[in-house]
Amino acid sequence: MESLYILIPVAVVFCFLAIKLLLWAVNSGQYDDLDKEAWRILAEEERAKPEQRNGDD
Amino acid sequence: MGKSRSATPVPPETSDSCYHCAETIPADYHLFASIEGSQQPVCCPGCKAVAELIDSSGLAAFYQLRTSFNERPEQTALDASYASYDLPENQSGFVSRDDDTASARILVTSISCAACTWLIEQGLSRVPGIEYADVNLAEQALQVRWRDSEIKLSRIFSELAALGYRAYPWRAREAEEALAQQQRRSLSELAVAGIAMMQVGMFGIALHAGGMQGIAEEYRDLLRWVSLLVATLVVGYSARSFFRNTWNNLCRGHLVMDLPVALAIGLAWLASCWATVSSTGEVYFDSIAMFTFFLLLGRFLEQRIRRREMLRQSDLTSLLPGLVKRQVNNNTEEVALTQLKTGDLVLPYVGESLPADGLVVSGQGHVDEAAFSGEHFPRNISTGDRVAAGTLLLDGELSVQVETLGEDTRIGQLLQLTHRAADDKPALQSFADRVAAYFVATILCIAAAVAWYWWQHEPSRALWITLSVLVVSCPCALALATPAALAAAGSGLRHKGIILLGANTLEQLPKIDTLVFDKTGTLTQGRVSILETRCHGDLDTETCLGLAAALEQSNRHPIASAFRGMAVDKSVSNIEVHVGSGVSGQWQSTELRLGAPGWCEQLNPGMGATPTDQGRWIAMTTANQLLAWFKLGDELREDAVSAVHALQGIGLELELLSGDSSDEVDMVAETLGIEQRHRAQTPDQKLSHIHALQASGKCVAMVGDGLNDAPVLAAANVSFAVAGATDVAKARADIIIASERLASLPETLLTATRCRRVMYQNFAWALCYNALAVPFAAMGAIPPWAAALGMSLSSLLVVINSLRLN
């Protein structure tokens with residue numbers, strides 16, 4: 001059980017790293033437009049579709 | 001792309017609504033746009049042009065991608081008005097330059113859904129010379145970079161107009177910048193709380209399991225210490241807004257919902273820290289992190305519903321032209337508006353707003369003052385008349401001597417009046433905050449009683465039992481009760497095209513007892529249409545309308561718009577517009593006139609008298625035969641009668657407050673059954689009328705659309721701006737009705753009533769939960785895991801109950 005003394009601090013370090021990364025992402029403006037980004041992935045797919053569809057038909 | 005697609009275009013909702021903007025197409029109107037090879041019905045040439053441009057650019061996929069319909073493009077967009085953006089004076093503030101490239105931030109106000117951002121980005125990036133275009137949907141901002149040597153900024157504006165979007169230079173205002181910062185901050189706080197909650201929760205499960213099965217003290221302390229570390233981050237970073245808010249309000253003597261929240265978080269954290277350090281008692285770190293995350297999430301979602309439309313261009317610069325033509329001696333020069341001085345002679349452009357208040361020294365024309373006066377017929381202007389900045393010059397040529405500029409103009413003062421009225425708007429303490437005060441007092445009393453009792457009987461447990469009472473009574477569900485209900489109701493309304501802007505709007509709405517309507521553009525459609533046709537010759541109605549439509553087809557005058565969309569009789573030629581009188585043309589080799597009765601009588605002296613019925617009549621005649629009389633007016637919106645009846649059914653007192661001075665105010669009021677009516681009201685009078693109503697104890701809602709309604713919209717307890725309202729009015733409204741339906745008004749009121757009911761249920765449940773849990777805690781029978789579970793379950797119930805509103 002002594003391994004907990006290493007594993008738990010490691011988990012906490014990862015947790016802080018994740019927070020750091022997220023804060024960086026927010027502050028660099030990546031989350032400024034939540035509506036568009038959520039939607040854009042669908043638009044890309046929509047544009048790729050015609051070629052695929054021709055193959056299926 | 002798009003060439004090989006086999007998908008059929010999504011049909012519009014009904015075949016008689018426009019493919020582009022979904023407005024209803026008149027039954028006798030036949031105009032089609034060819035989209036991907038098939039003919040789609042459209043409502044006006046503007047929509048046709050935009051839709052076909054989108055199709056020919058290979059961007060027709062937009063119509064499948066969009067999730068809401070577009071706004072109807074404005075027909076008055078003029079390339080000349082964009083030329084002003086090429087002047088360096090007018091570019092300061094939103095354009096920056098770097099060697100050969102320039103970049104600008106542009107506000108695009110008519111973006112209706114995410115597909116619009118795609119259309120704009122794709123459309124602009126195909127224009128040679130534009131390097132980069134990116135639209136931020138939340139801010140409605142377009143960031144564009146282009147090569148100065150290849151294209152001009154005005155071209156970008158006209159490209160946007162061609163795609164059907166209205167664009168303005170971005171004016172950074174402090175409030176908006178602060179809002180963007182605030183958005184980032186709440187997201188960061190939420191993210192930290194979320195990650196930390198998962199981490200502390202993991203340790204929490206180990207601790208709870210240990211609490212039940214037994215755990216070695218060294219591992220228990222290890223888990224407590226790491227939990228302390230992570231939870232401290234939550235308390236110190238994510239929850240700081242609760243502490244700050246509580247403190248600020250306490251300083252002003254207000255008790256708000258944040259007080260019990262801050263109290264619960266602060267006390268639980270302090271006690272848990274003490275337990276960790278002294279290795280005794282219980283820790284509640286997992287509850288703290290979870291509680292903070294839930295609350296932040298609720299608030300974040302509620303704010304997000306309201307944020308999107310808050311950015312509206314409503315200052316003076318957006319209402320006046322940037323470029324004016326000035327007459328100096330016998331030459332004319334184009335200068336920026338800012339260079340204009342009192343006493344200058346300006347020659348306003350047709351189709352644009354006037355740049356300043358002034359005196360007409362020569363010329364004749366028509367100005368549209370609807371925004372000011374609510375008068376939908378244009379005013380005839382000639383030498384010696386005064387004109388106001390911001391009114392639209394419809395036709396003719398004027399030379400205006402500038403008398404006042406900028407803030408001192410009538411429109412500038414109207415905006416100032418609006419600002420003042422907004423500052424005086426009665427503030428309402430939210431229901432949650434009123435509950436909070438009683439809640440805090442009750443909980444503190446109970447805690448004191450519990451502490452006293454246990455101190456008498458078992459002093460060693462007194463501290464921990466008192467703390468568990470405070471933690472268990474944690475107001476998580478209580479604090480979520482309002483934001484959860486408001487967010488759900490707000491997103492439900494949004495799907496119906498009703499957009500909430502104000503913070504306490506939904507809470508205020510059920511209190512409304514008086515609803516005040518504007519007339520022009522609110523109850524009516526705000527545009528001239530034909531109310532009646534009387535044929536006098538041997539021609540039938542259809543032929544007469546065809547002839548009239550042919551005469552008016554290329555006229556920009558508002559009266560001409562009444563005839564737009566009708567089948568045009570092609571046998572009319574030599575059409576001429578006579579400013580202030582009407583239009584004439586050649587038909588069957590005689591002269592045909594359509595216009596003011598007096599002017600028509602000059603051609604056909606024996607045509608007889610104008611009909612005596614109420615309303616505005618124009619005649620169509622040849623030299624020897626009167627063909628028809630047309631009665632023109634502003635038609636009521638389609639569902640005005642049913643909406644008004646529905647509102648009266650709810651028990652509201654309705655009033656009509658119009659700037660219009662004509663008999664039409666009475667006619668509209670009679671038709672709708674509104675008894676209280678006031679006509680010829682200036683914006684000042686409207687404002688004092690609302691203030692008087694409020695002073696007599698009424699809770700007033702205002703529905704309006706024009707510039708002249710802006711001060712009243714700002715002052716009313718709750719205000720609605722209808723579809724097609726000016727941006728100034730929208731900026732002051734609490735609720736924007738984006739669809740053409742007035743039925744949205746009773747719908748919004750009903751949703752608000754339902755929302756209030758759900759809020760009360762949420763509060764009732766949250767208080768019930770406390771009433772059940774606190775006695776057990778006071779007996780010392782609630783362990784930390786039960787406290788955490790109870791808190792999450794009660795919050796979940798509140799959220800699920802609120803989702804019924806969606």
# chains A, B, ... in the order shown; residues from 1 in each chain; ligands from 1
call {"tool": "interface_residues", "arguments": {"of": "chain A", "to": "chain B", "cutoff": "7 Å", "atoms": "only C-alpha atoms", "output": "ChimeraX atom specification"}}
result
/A:19,23,26-27,33,35-36,39,50
call {"tool": "residues_around", "arguments": {"residues": "Lys519 (chain B)", "least_positions_apart": "4", "cutoff": "12 Å", "atoms": "only C-alpha atoms", "output": "PyMOL selection string"}}
result
chain B and resi 370-371+373-376+523-527+634-637+640+655-662+664-669+672+674+677-681+702-706+708-709+722
call {"tool": "select_by_dssp", "arguments": {"residues": "region 509-679 of chain B", "states": "alpha helix (DSSP H)", "output": "ChimeraX atom specification"}}
result
/B:541-552,558-561,597-603,640-650,664-672
call {"tool": "residues_around", "arguments": {"residues": "region 29-36 of chain B", "least_positions_apart": "2", "cutoff": "7 Å", "atoms": "only C-alpha atoms", "output": "list in words"}}
result
Ile25, Pro26, Ala27, Ser38, Gln39, Gln40, Pro41, Val42, Cys43, Lys48, Ala51, Glu52, Asp55, Gly565 and Met566 of chain B
call {"tool": "write_last_selection", "arguments": {"atoms": "C-alpha atoms", "output": "mmCIF file, in the first residue's frame"}}
result
data_model
loop_
_atom_site.group_PDB
_atom_site.id
_atom_site.type_symbol
_atom_site.label_atom_id
_atom_site.label_comp_id
_atom_site.auth_asym_id
_atom_site.auth_seq_id
_atom_site.Cartn_x
_atom_site.Cartn_y
_atom_site.Cartn_z
ATOM 1 C CA ILE B 25 -45.413 34.816 -50.026
ATOM 2 C CA PRO B 26 -48.605 36.561 -51.190
ATOM 3 C CA ALA B 27 -50.916 34.183 -53.059
ATOM 4 C CA SER B 38 -34.903 23.239 -59.107
ATOM 5 C CA GLN B 39 -37.205 26.238 -58.785
ATOM 6 C CA GLN B 40 -37.787 27.441 -55.249
ATOM 7 C CA PRO B 41 -40.358 30.091 -54.340
ATOM 8 C CA VAL B 42 -39.014 33.366 -52.935
ATOM 9 C CA CYS B 43 -40.791 36.378 -51.502
ATOM 10 C CA LYS B 48 -34.000 35.852 -55.116
ATOM 11 C CA ALA B 51 -30.337 32.837 -52.980
ATOM 12 C CA GLU B 52 -29.133 32.672 -56.570
ATOM 13 C CA ASP B 55 -26.227 28.873 -55.438
ATOM 14 C CA GLY B 565 -44.913 41.508 -56.253
ATOM 15 C CA MET B 566 -47.896 41.832 -58.556
#
call {"tool": "select_by_dssp", "arguments": {"residues": "region 114-341 of chain B", "states": "strand (DSSP E or B)", "output": "ChimeraX atom specification"}}
result
/B:130-136,141-147,167-169,323-328,331-336
call {"tool": "write_last_selection", "arguments": {"atoms": "N, CA and C atoms", "output": "tab-separated table (two decimals), in the first residue's frame"}}
result
chain	number	residue	atom	x	y	z
B	130	ILE	N	-9.00	38.58	-50.67
B	130	ILE	CA	-9.29	38.33	-49.26
B	130	ILE	C	-8.50	37.09	-48.84
B	131	GLU	N	-7.68	37.28	-47.80
B	131	GLU	CA	-6.80	36.19	-47.39
B	131	GLU	C	-7.43	35.29	-46.36
B	132	TYR	N	-8.31	35.87	-45.54
B	132	TYR	CA	-8.73	35.13	-44.36
B	132	TYR	C	-10.04	35.73	-43.88
B	133	ALA	N	-10.98	34.88	-43.55
B	133	ALA	CA	-12.24	35.37	-42.97
B	133	ALA	C	-12.68	34.38	-41.91
B	134	ASP	N	-13.01	34.91	-40.74
B	134	ASP	CA	-13.43	34.03	-39.65
B	134	ASP	C	-14.56	34.72	-38.90
B	135	VAL	N	-15.66	34.01	-38.70
B	135	VAL	CA	-16.80	34.61	-38.02
B	135	VAL	C	-16.94	34.00	-36.64
B	136	ASN	N	-17.09	34.86	-35.65
B	136	ASN	CA	-17.39	34.40	-34.31
B	136	ASN	C	-18.89	34.53	-34.11
B	141	ALA	N	-19.13	38.62	-34.80
B	141	ALA	CA	-18.03	39.43	-35.31
B	141	ALA	C	-17.31	38.69	-36.43
B	142	LEU	N	-17.00	39.43	-37.48
B	142	LEU	CA	-16.24	38.88	-38.59
B	142	LEU	C	-14.84	39.47	-38.54
B	143	GLN	N	-13.85	38.59	-38.53
B	143	GLN	CA	-12.47	39.04	-38.60
B	143	GLN	C	-12.01	38.76	-40.02
B	144	VAL	N	-11.60	39.81	-40.76
B	144	VAL	CA	-11.25	39.59	-42.15
B	144	VAL	C	-9.90	40.24	-42.46
B	145	ARG	N	-9.08	39.58	-43.28
B	145	ARG	CA	-7.80	40.13	-43.66
B	145	ARG	C	-7.72	40.14	-45.18
B	146	TRP	N	-7.28	41.26	-45.75
B	146	TRP	CA	-7.24	41.34	-47.21
B	146	TRP	C	-6.01	42.12	-47.67
B	147	ARG	N	-5.69	41.95	-48.95
B	147	ARG	CA	-4.55	42.67	-49.52
B	147	ARG	C	-5.05	43.99	-50.07
B	167	ALA	N	-23.90	44.59	-42.29
B	167	ALA	CA	-22.61	44.68	-41.62
B	167	ALA	C	-22.34	46.11	-41.17
B	168	TYR	N	-21.66	46.23	-40.03
B	168	TYR	CA	-21.25	47.53	-39.51
B	168	TYR	C	-19.82	47.42	-39.01
B	169	PRO	N	-19.11	48.55	-38.97
B	169	PRO	CA	-17.78	48.49	-38.36
B	169	PRO	C	-17.89	48.08	-36.90
B	323	LEU	N	-20.27	58.95	-44.89
B	323	LEU	CA	-19.75	59.77	-45.97
B	323	LEU	C	-20.83	60.78	-46.38
B	324	VAL	N	-20.48	62.03	-46.49
B	324	VAL	CA	-21.48	63.01	-46.94
B	324	VAL	C	-20.94	63.83	-48.10
B	325	LYS	N	-21.87	64.30	-48.91
B	325	LYS	CA	-21.47	65.16	-50.02
B	325	LYS	C	-21.70	66.60	-49.59
B	326	ARG	N	-20.61	67.40	-49.60
B	326	ARG	CA	-20.70	68.78	-49.14
B	326	ARG	C	-20.53	69.72	-50.32
B	327	GLN	N	-21.27	70.81	-50.28
B	327	GLN	CA	-21.14	71.79	-51.35
B	327	GLN	C	-20.30	72.95	-50.86
B	328	VAL	N	-19.22	73.19	-51.57
B	328	VAL	CA	-18.36	74.33	-51.23
B	328	VAL	C	-18.30	75.22	-52.46
B	331	ASN	N	-18.55	73.79	-56.08
B	331	ASN	CA	-18.08	72.42	-56.22
B	331	ASN	C	-18.66	71.53	-55.13
B	332	THR	N	-18.70	70.25	-55.41
B	332	THR	CA	-19.08	69.32	-54.35
B	332	THR	C	-17.89	68.44	-54.02
B	333	GLU	N	-17.80	68.07	-52.76
B	333	GLU	CA	-16.72	67.17	-52.34
B	333	GLU	C	-17.29	66.15	-51.36
B	334	GLU	N	-16.68	64.97	-51.33
B	334	GLU	CA	-17.13	63.94	-50.40
B	334	GLU	C	-16.23	63.96	-49.18
B	335	VAL	N	-16.82	64.12	-48.01
B	335	VAL	CA	-16.04	64.16	-46.79
B	335	VAL	C	-16.65	63.21	-45.77
B	336	ALA	N	-15.84	62.90	-44.74
B	336	ALA	CA	-16.36	62.07	-43.66
B	336	ALA	C	-17.30	62.91	-42.81
call {"tool": "atom_distance", "arguments": {"atom1": "CA of Ala25 (chain A)", "atom2": "CA of Tyr237 (chain B)"}}
result
17.2 Å
call {"tool": "atom_distance", "arguments": {"atom1": "CA of Leu626 (chain B)", "atom2": "CA of Glu591 (chain B)"}}
result
12.0 Å
call {"tool": "atom_distance", "arguments": {"atom1": "CA of Gly37 (chain B)", "atom2": "CA of His20 (chain B)"}}
result
15.7 Å
